[in-house]
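> Hey, dropping protein_6.txt in here, compact mmCIF, C-alpha atoms and all ligand atoms:
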```txt
# COMPACT_ATOMS: atom_id res chain seq x y z
CA MET A 1 -8.35 2.11 -2.76
CA SER A 2 -4.86 0.94 -3.52
CA ASN A 3 -3.66 1.60 -7.06
CA ASN A 4 -1.10 -1.11 -6.47
CA PHE A 5 -3.67 -3.93 -6.63
CA LYS A 6 -2.44 -7.42 -7.36
CA LEU A 7 -4.26 -10.74 -7.64
CA ALA A 8 -2.57 -13.90 -6.44
CA PRO A 9 -4.58 -16.98 -7.48
CA SER A 10 -3.96 -19.84 -5.03
CA ILE A 11 -3.18 -23.09 -6.80
CA LEU A 12 -4.50 -24.92 -3.74
CA SER A 13 -7.86 -25.00 -5.52
CA ALA A 14 -6.40 -25.99 -8.90
CA ASP A 15 -6.26 -29.49 -10.35
CA PHE A 16 -3.03 -30.90 -8.91
CA SER A 17 -2.76 -33.40 -11.76
CA ASP A 18 -2.61 -30.52 -14.22
CA LEU A 19 -0.79 -27.58 -12.69
CA GLN A 20 0.41 -26.49 -16.10
CA SER A 21 -3.20 -25.57 -16.89
CA ALA A 22 -3.30 -23.55 -13.66
CA LEU A 23 -0.26 -21.60 -14.85
CA HIS A 24 -1.89 -21.09 -18.23
CA ILE A 25 -5.02 -19.72 -16.52
CA CYS A 26 -2.93 -17.28 -14.47
CA LYS A 27 -1.03 -16.15 -17.56
CA SER A 28 -4.06 -15.73 -19.79
CA GLY A 29 -6.04 -13.93 -17.09
CA GLY A 30 -3.12 -11.61 -16.40
CA ALA A 31 -2.70 -12.50 -12.72
CA ASP A 32 0.36 -10.92 -11.11
CA TRP A 33 1.39 -13.60 -8.65
CA ILE A 34 1.01 -17.35 -8.13
CA HIS A 35 0.11 -18.14 -4.51
CA VAL A 36 1.44 -21.45 -3.19
CA ASP A 37 -0.13 -22.74 0.03
CA VAL A 38 2.29 -24.92 1.95
CA MET A 39 0.68 -27.01 4.70
CA ASP A 40 2.46 -29.54 6.89
CA ASN A 41 -0.31 -31.45 8.71
CA GLN A 42 1.04 -29.95 11.96
CA PHE A 43 0.55 -26.21 11.97
CA VAL A 44 -2.67 -26.90 10.07
CA PRO A 45 -4.46 -30.23 9.55
CA ASN A 46 -3.97 -30.32 5.79
CA LEU A 47 -0.90 -31.50 3.84
CA THR A 48 -0.09 -29.91 0.50
CA ILE A 49 2.85 -28.57 -1.46
CA GLY A 50 6.60 -28.89 -0.91
CA PRO A 51 9.64 -27.33 -2.59
CA LEU A 52 9.70 -29.99 -5.33
CA ILE A 53 6.44 -28.68 -6.77
CA VAL A 54 7.76 -25.11 -6.77
CA LYS A 55 10.90 -26.35 -8.49
CA SER A 56 8.75 -27.91 -11.22
CA LEU A 57 6.65 -24.78 -11.65
CA ARG A 58 9.58 -22.37 -11.74
CA PRO A 59 10.79 -22.99 -15.31
CA LYS A 60 7.21 -22.90 -16.61
CA THR A 61 6.30 -19.39 -15.46
CA ARG A 62 7.85 -15.97 -15.12
CA LYS A 63 5.23 -14.88 -12.64
CA PHE A 64 6.08 -13.98 -9.07
CA ILE A 65 5.87 -17.15 -6.97
CA ASP A 66 4.47 -16.29 -3.55
CA VAL A 67 4.99 -19.08 -1.01
CA HIS A 68 2.72 -19.07 2.06
CA MET A 69 4.19 -21.44 4.64
CA MET A 70 1.63 -22.75 7.12
CA VAL A 71 4.16 -24.95 8.87
CA ILE A 72 5.85 -25.45 12.21
CA ASN A 73 9.64 -24.89 12.25
CA PRO A 74 9.41 -22.59 9.20
CA GLU A 75 13.17 -21.93 9.32
CA THR A 76 13.84 -25.45 8.01
CA LEU A 77 11.95 -24.80 4.76
CA VAL A 78 13.19 -21.34 3.85
CA GLU A 79 16.29 -22.42 1.94
CA PRO A 80 14.57 -25.30 0.12
CA PHE A 81 11.80 -22.99 -1.12
CA ALA A 82 14.26 -20.25 -2.05
CA LYS A 83 16.42 -22.70 -3.99
CA ALA A 84 13.30 -24.06 -5.70
CA GLY A 85 12.64 -20.58 -7.07
CA ALA A 86 10.23 -18.81 -4.70
CA ASP A 87 10.16 -15.02 -5.11
CA SER A 88 8.63 -14.37 -1.72
CA ILE A 89 8.33 -16.48 1.40
CA THR A 90 5.73 -15.81 4.08
CA PHE A 91 5.82 -17.42 7.54
CA HIS A 92 3.32 -17.38 10.40
CA ILE A 93 4.06 -15.41 13.54
CA GLU A 94 2.34 -18.16 15.57
CA ALA A 95 4.84 -20.74 14.28
CA THR A 96 8.01 -19.23 15.73
CA ASP A 97 9.58 -17.74 18.86
CA ASP A 98 12.22 -15.99 16.80
CA PRO A 99 10.67 -14.06 13.91
CA ASN A 100 13.79 -11.89 13.44
CA SER A 101 15.96 -14.89 12.57
CA ILE A 102 13.49 -16.16 10.00
CA ILE A 103 13.16 -12.72 8.45
CA ASP A 104 16.96 -12.46 8.19
CA LEU A 105 17.20 -15.96 6.75
CA ILE A 106 14.57 -15.28 4.06
CA LYS A 107 16.35 -12.05 3.12
CA SER A 108 19.73 -13.76 2.98
CA CYS A 109 18.22 -16.17 0.44
CA GLY A 110 17.29 -13.24 -1.79
CA CYS A 111 13.51 -13.52 -1.36
CA LYS A 112 10.91 -10.97 -0.33
CA VAL A 113 9.67 -11.54 3.21
CA GLY A 114 6.09 -11.91 4.34
CA ILE A 115 4.72 -12.28 7.86
CA SER A 116 1.26 -13.72 8.43
CA LEU A 117 -1.20 -13.92 11.27
CA LYS A 118 -4.26 -16.04 11.92
CA PRO A 119 -7.65 -14.35 12.45
CA LYS A 120 -7.50 -14.57 16.26
CA THR A 121 -3.89 -13.41 16.65
CA PRO A 122 -3.65 -9.79 17.86
CA LEU A 123 -2.30 -7.35 15.32
CA SER A 124 0.06 -6.06 18.01
CA ASP A 125 2.04 -9.35 17.76
CA ILE A 126 3.41 -8.45 14.33
CA LEU A 127 3.96 -4.71 14.74
CA PRO A 128 7.57 -5.01 16.03
CA PHE A 129 8.60 -6.72 12.78
CA LEU A 130 6.96 -4.52 10.17
CA GLU A 131 10.06 -2.46 9.48
CA LYS A 132 11.85 -5.58 8.33
CA VAL A 133 9.21 -7.17 6.10
CA ASP A 134 7.87 -6.54 2.60
CA LEU A 135 4.38 -7.89 3.13
CA VAL A 136 1.82 -8.72 5.81
CA LEU A 137 -0.53 -11.56 5.02
CA VAL A 138 -3.79 -11.08 6.93
CA MET A 139 -5.63 -14.40 7.14
CA SER A 140 -9.34 -13.90 6.65
CA VAL A 141 -10.17 -17.56 7.37
CA GLU A 142 -8.59 -20.06 9.74
CA PRO A 143 -5.70 -21.42 7.69
CA GLY A 144 -5.88 -24.99 6.46
CA PHE A 145 -8.45 -25.25 3.71
CA GLY A 146 -9.68 -23.46 0.63
CA GLY A 147 -13.33 -22.69 0.07
CA GLN A 148 -14.17 -21.23 3.51
CA GLY A 149 -16.22 -18.08 4.16
CA PHE A 150 -14.52 -14.69 4.63
CA ILE A 151 -14.51 -13.55 8.30
CA PRO A 152 -16.14 -10.07 8.07
CA LYS A 153 -14.13 -8.64 11.00
CA SER A 154 -11.02 -9.01 8.81
CA ASN A 155 -11.86 -5.72 7.11
CA ASP A 156 -11.46 -3.88 10.43
CA ARG A 157 -8.04 -5.46 10.87
CA ILE A 158 -7.01 -4.41 7.37
CA LEU A 159 -8.15 -0.84 8.04
CA GLU A 160 -6.27 -0.78 11.35
CA LEU A 161 -3.12 -2.18 9.79
CA LYS A 162 -3.29 0.24 6.86
CA LYS A 163 -3.62 3.15 9.28
CA TYR A 164 -0.63 1.93 11.29
CA LEU A 165 1.49 1.55 8.15
CA ASN A 166 0.54 5.05 6.95
CA GLU A 167 1.23 6.65 10.31
CA ASN A 168 4.61 4.99 10.62
CA CYS A 169 5.96 5.70 7.13
CA LEU A 170 5.67 2.03 6.24
CA ASP A 171 3.45 2.39 3.19
CA ARG A 172 5.88 0.29 1.19
CA VAL A 173 4.73 -2.80 3.15
CA LEU A 174 2.04 -4.59 1.14
CA ILE A 175 -1.12 -5.89 2.77
CA GLN A 176 -2.11 -9.27 1.39
CA VAL A 177 -5.44 -10.83 2.35
CA ASP A 178 -6.10 -14.55 2.09
CA GLY A 179 -9.23 -16.65 2.50
CA GLY A 180 -12.84 -16.44 1.34
CA ILE A 181 -12.20 -13.75 -1.26
CA LYS A 182 -14.81 -13.70 -4.00
CA LEU A 183 -15.78 -11.27 -6.72
CA HIS A 184 -18.69 -10.08 -4.57
CA ASN A 185 -16.56 -9.05 -1.55
CA ALA A 186 -13.26 -8.14 -3.20
CA LYS A 187 -14.00 -4.47 -3.68
CA GLU A 188 -14.77 -3.94 0.00
CA ILE A 189 -11.52 -5.66 0.96
CA MET A 190 -9.53 -3.52 -1.50
CA ASN A 191 -11.21 -0.41 -0.12
CA ALA A 192 -10.18 -1.40 3.39
CA GLY A 193 -6.56 -1.29 2.24
CA ALA A 194 -5.59 -4.62 0.70
CA ASP A 195 -2.88 -4.45 -1.96
CA VAL A 196 -2.79 -8.15 -2.85
CA LEU A 197 -5.81 -10.44 -2.86
CA VAL A 198 -5.41 -14.20 -2.77
CA ALA A 199 -8.24 -16.10 -4.43
CA GLY A 200 -8.36 -19.88 -4.68
CA SER A 201 -11.77 -21.43 -5.18
CA GLU A 202 -13.30 -18.33 -6.78
CA VAL A 203 -10.77 -18.59 -9.61
CA PHE A 204 -10.08 -22.28 -10.04
CA LYS A 205 -13.59 -23.60 -9.37
CA ALA A 206 -15.14 -21.04 -11.71
CA ASP A 207 -16.72 -22.08 -15.01
CA ASN A 208 -14.38 -19.62 -16.68
CA PRO A 209 -11.28 -19.08 -14.50
CA ILE A 210 -9.53 -16.79 -17.00
CA GLN A 211 -12.54 -14.49 -17.20
CA THR A 212 -12.83 -14.53 -13.39
CA ILE A 213 -9.26 -13.26 -13.02
CA LYS A 214 -10.03 -10.47 -15.48
CA GLU A 215 -13.16 -9.57 -13.52
CA PHE A 216 -11.09 -9.11 -10.36
CA TYR A 217 -8.95 -6.58 -12.20
CA ASN A 218 -12.02 -4.82 -13.58
CA LEU A 219 -13.17 -4.30 -9.98
CA SER A 220 -9.98 -2.42 -9.14
CA GLU A 221 -10.28 0.10 -11.97
C1 LIG A 301 -6.04 -21.21 3.41
C2 LIG A 301 -5.13 -20.76 2.28
C3 LIG A 301 -5.78 -19.90 1.23
C4 LIG A 301 -6.81 -20.56 0.45
C5 LIG A 301 -7.69 -19.53 -0.18
O1 LIG A 301 -5.28 -21.78 4.42
O2 LIG A 301 -4.07 -20.00 2.79
O3 LIG A 301 -4.82 -19.42 0.33
O4 LIG A 301 -6.29 -21.36 -0.56
O5 LIG A 301 -8.68 -20.22 -0.79
P1 LIG A 301 -10.12 -19.63 -0.99
O6 LIG A 301 -9.97 -18.45 -1.89
O7 LIG A 301 -10.88 -20.76 -1.60
O8 LIG A 301 -10.64 -19.25 0.37
ZN ZN A 302 -2.48 -18.80 1.44
```
Would you encode the structure as structure tokens?
Ligand code: DX5
Ligand code: ZN

Amino acid sequence: MSNNFKLAPSILSADFSDLQSALHICKSGGADWIHVDVMDNQFVPNLTIGPLIVKSLRPKTRKFIDVHMMVINPETLVEPFAKAGADSITFHIEATDDPNSIIDLIKSCGCKVGISLKPKTPLSDILPFLEKVDLVLVMSVEPGFGGQGFIPKSNDRILELKKYLNENCLDRVLIQVDGGIKLHNAKEIMNAGADVLVAGSEVFKADNPIQTIKEFYNLSE
């Protein structure tokens, strides 16, 4: 298991009329990152958060703001999210023909770089870019909505990716897993090699979200 474990609650499942409470939950539970799911109604059917929301959140939290862009033309949103205060920006390999330019652009804005792939996209598609990124976001549901079930085959992908990173001296690259992560399956996903778990509905739809965050950390001990 990774001793680098981080939890990134996704505010997609929070109450959008009260995001300050979502930040309070993350702070009180001791979450490391805040995961922001950006959807454009094109790359995915849903429509969610833009840079203005990140700009509003930024002065209210010192936590690492992790922006997951599920958008077409991701290059157009890199600077707006960086200026709004994102700490890391993740784009989808399926959304671009020129991943190198987007990686360079995100770096030039001073943010950490993440590359993501949908469940049916071959792992081989992202391998050429791993040397240049800080994080790989393995989608364990089809992107678009919170509250879906974890695709069990994702654990094999995480294992395969972890092995590749180890064998190629790329251990510094974090593996983030996103979609369908619950307290009951988190340990298995960590054991497969995940460093950062995203959890939306499990945290924000819980009766006690703060306690739920703490329980995720208890699993990693
Ligand atoms: C799906 C999003 C996920 C989602 C996770 O497109 O990227 O971050 O919010 O939500 P849960 O944990 O409910 O599956
Ligand atoms: Zn996400």
> Could you tell me, counting all atoms listed in the file, which protein and nucleic acid residues lie no more than 10 Å from ligand ZN 302 (chain A), written as a PyMOL selection string?
chain A and resi 8-12+35-39+66-70+90+116+137-141+143-146+176-179+197-200
> Quick one: what's the axis-aligned box for segment 170-189 of chain A, all listed atoms, 4 Å on every side, centre and edges in Å to one decimal, as AutoDock Vina command-line options?

```
--center_x -6.4 --center_y -7.1 --center_z -0.2 --size_x 32.6 --size_y 27.0 --size_z 21.0
```
> From the set A:Lys153, A:Lys55, A:Lys120, A:Lys6, which residue has the shortest atom-to-atom contact distance to Ala194 of chain A, counting all atoms listed in the file?
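Among the listed residues, A:Lys6 lies closest to Ala194 of chain A.
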> Near Ser56 of chain A, counting all atoms listed in the file, which residues have an atom at most 10 Å away, once you skip same-chain residues fewer than 2 positions from it, shown as a list in words?
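My list of contacting residues is Leu19, Gln20, Pro51, Leu52, Ile53, Val54, Arg58, Pro59, Lys60, Thr61, Ala84 and Gly85 of chain A.
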> Record the distance separating atom CA of Phe5 of chain A and atom CA of Leu57 of chain A, expressed in Å with one decimal.
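Between atom CA of Phe5 of chain A and atom CA of Leu57 of chain A the gap works out to 23.8 Å.
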> Which residues come within 10 Å of Arg172 of chain A, counting only C-alpha atoms, excluding same-chain residues fewer than 6 positions away, as a PyMOL selection string?
chain A and resi 131+133-135+165-166
> Could you check which of A:Asp98, A:Met190, A:Cys109, A:Ile72 is closest to Pro45 of chain A, using all atoms listed in the file?
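So, comparing all the options, the nearest one is A:Ile72.
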> Check the smallest atom-to-atom distance from each of A:Ser154, A:Ser101, A:Ser17, A:Ser28 to Thr121 of chain A using all atoms listed in the file, then report the winner.
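Closest to Thr121 of chain A, using all atoms listed in the file: A:Ser154.
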> Compile the contact shell of Ala192 of chain A as a PyMOL selection string: residues with an atom at most 10 Å away, counting only C-alpha atoms, same-chain residues fewer than 6 positions apart removed.
chain A and resi 1-2+154-163+186
> Residues at most 9 Å from Ile89 of chain A, counting all atoms listed in the file, excluding those fewer than 5 positions away in the same chain, as a list in words?
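What passes the distance filter is Ile65, Asp66, Val67, His68, Met69, Val78, Phe81, Ala82, Ile106, Cys111, Lys112, Val113, Gly114 and Ile115 of chain A.
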> Restricting the calculation to only C-alpha atoms: of A:Ile181, A:Phe204, A:Gly147, A:Glu221, which residue gets closest to Asp18 of chain A?
A:Phe204
> Provide the atom CA of Gly30 of chain A to atom CA of Phe150 of chain A distance in Å, to one decimal place.
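Answer for the atom CA of Gly30 of chain A to atom CA of Phe150 of chain A separation: 24.1 Å.
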> Taking all atoms listed in the file into account, name the residue in A:Gly110, A:Gly193, A:Gly149, A:Gly180 that is nearest to ligand LIG 301 (chain A).
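Going through A:Gly110, A:Gly193, A:Gly149, A:Gly180 one by one, the smallest distance to ligand LIG 301 (chain A) is for A:Gly180.
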> At a cut-off of 7 Å, using all atoms listed in the file, what residues contact segment 213-220 of chain A? Leave out same-chain residues fewer than 6 positions from it and give the result as JSON, numbers by chain.
{"A": [5, 29, 31, 183, 187, 203]}
> For a quick check of understanding, using all atoms listed in the file, which of A:Asn4, A:Ser21, A:Asn41, A:Ser13 has the smallest distance to Glu202 of chain A?
A:Ser13
> Atom CA of Lys182 of chain A to atom CA of Ile25 of chain A: how many Å, to one decimal?
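These atoms are spaced 17.0 Å apart.
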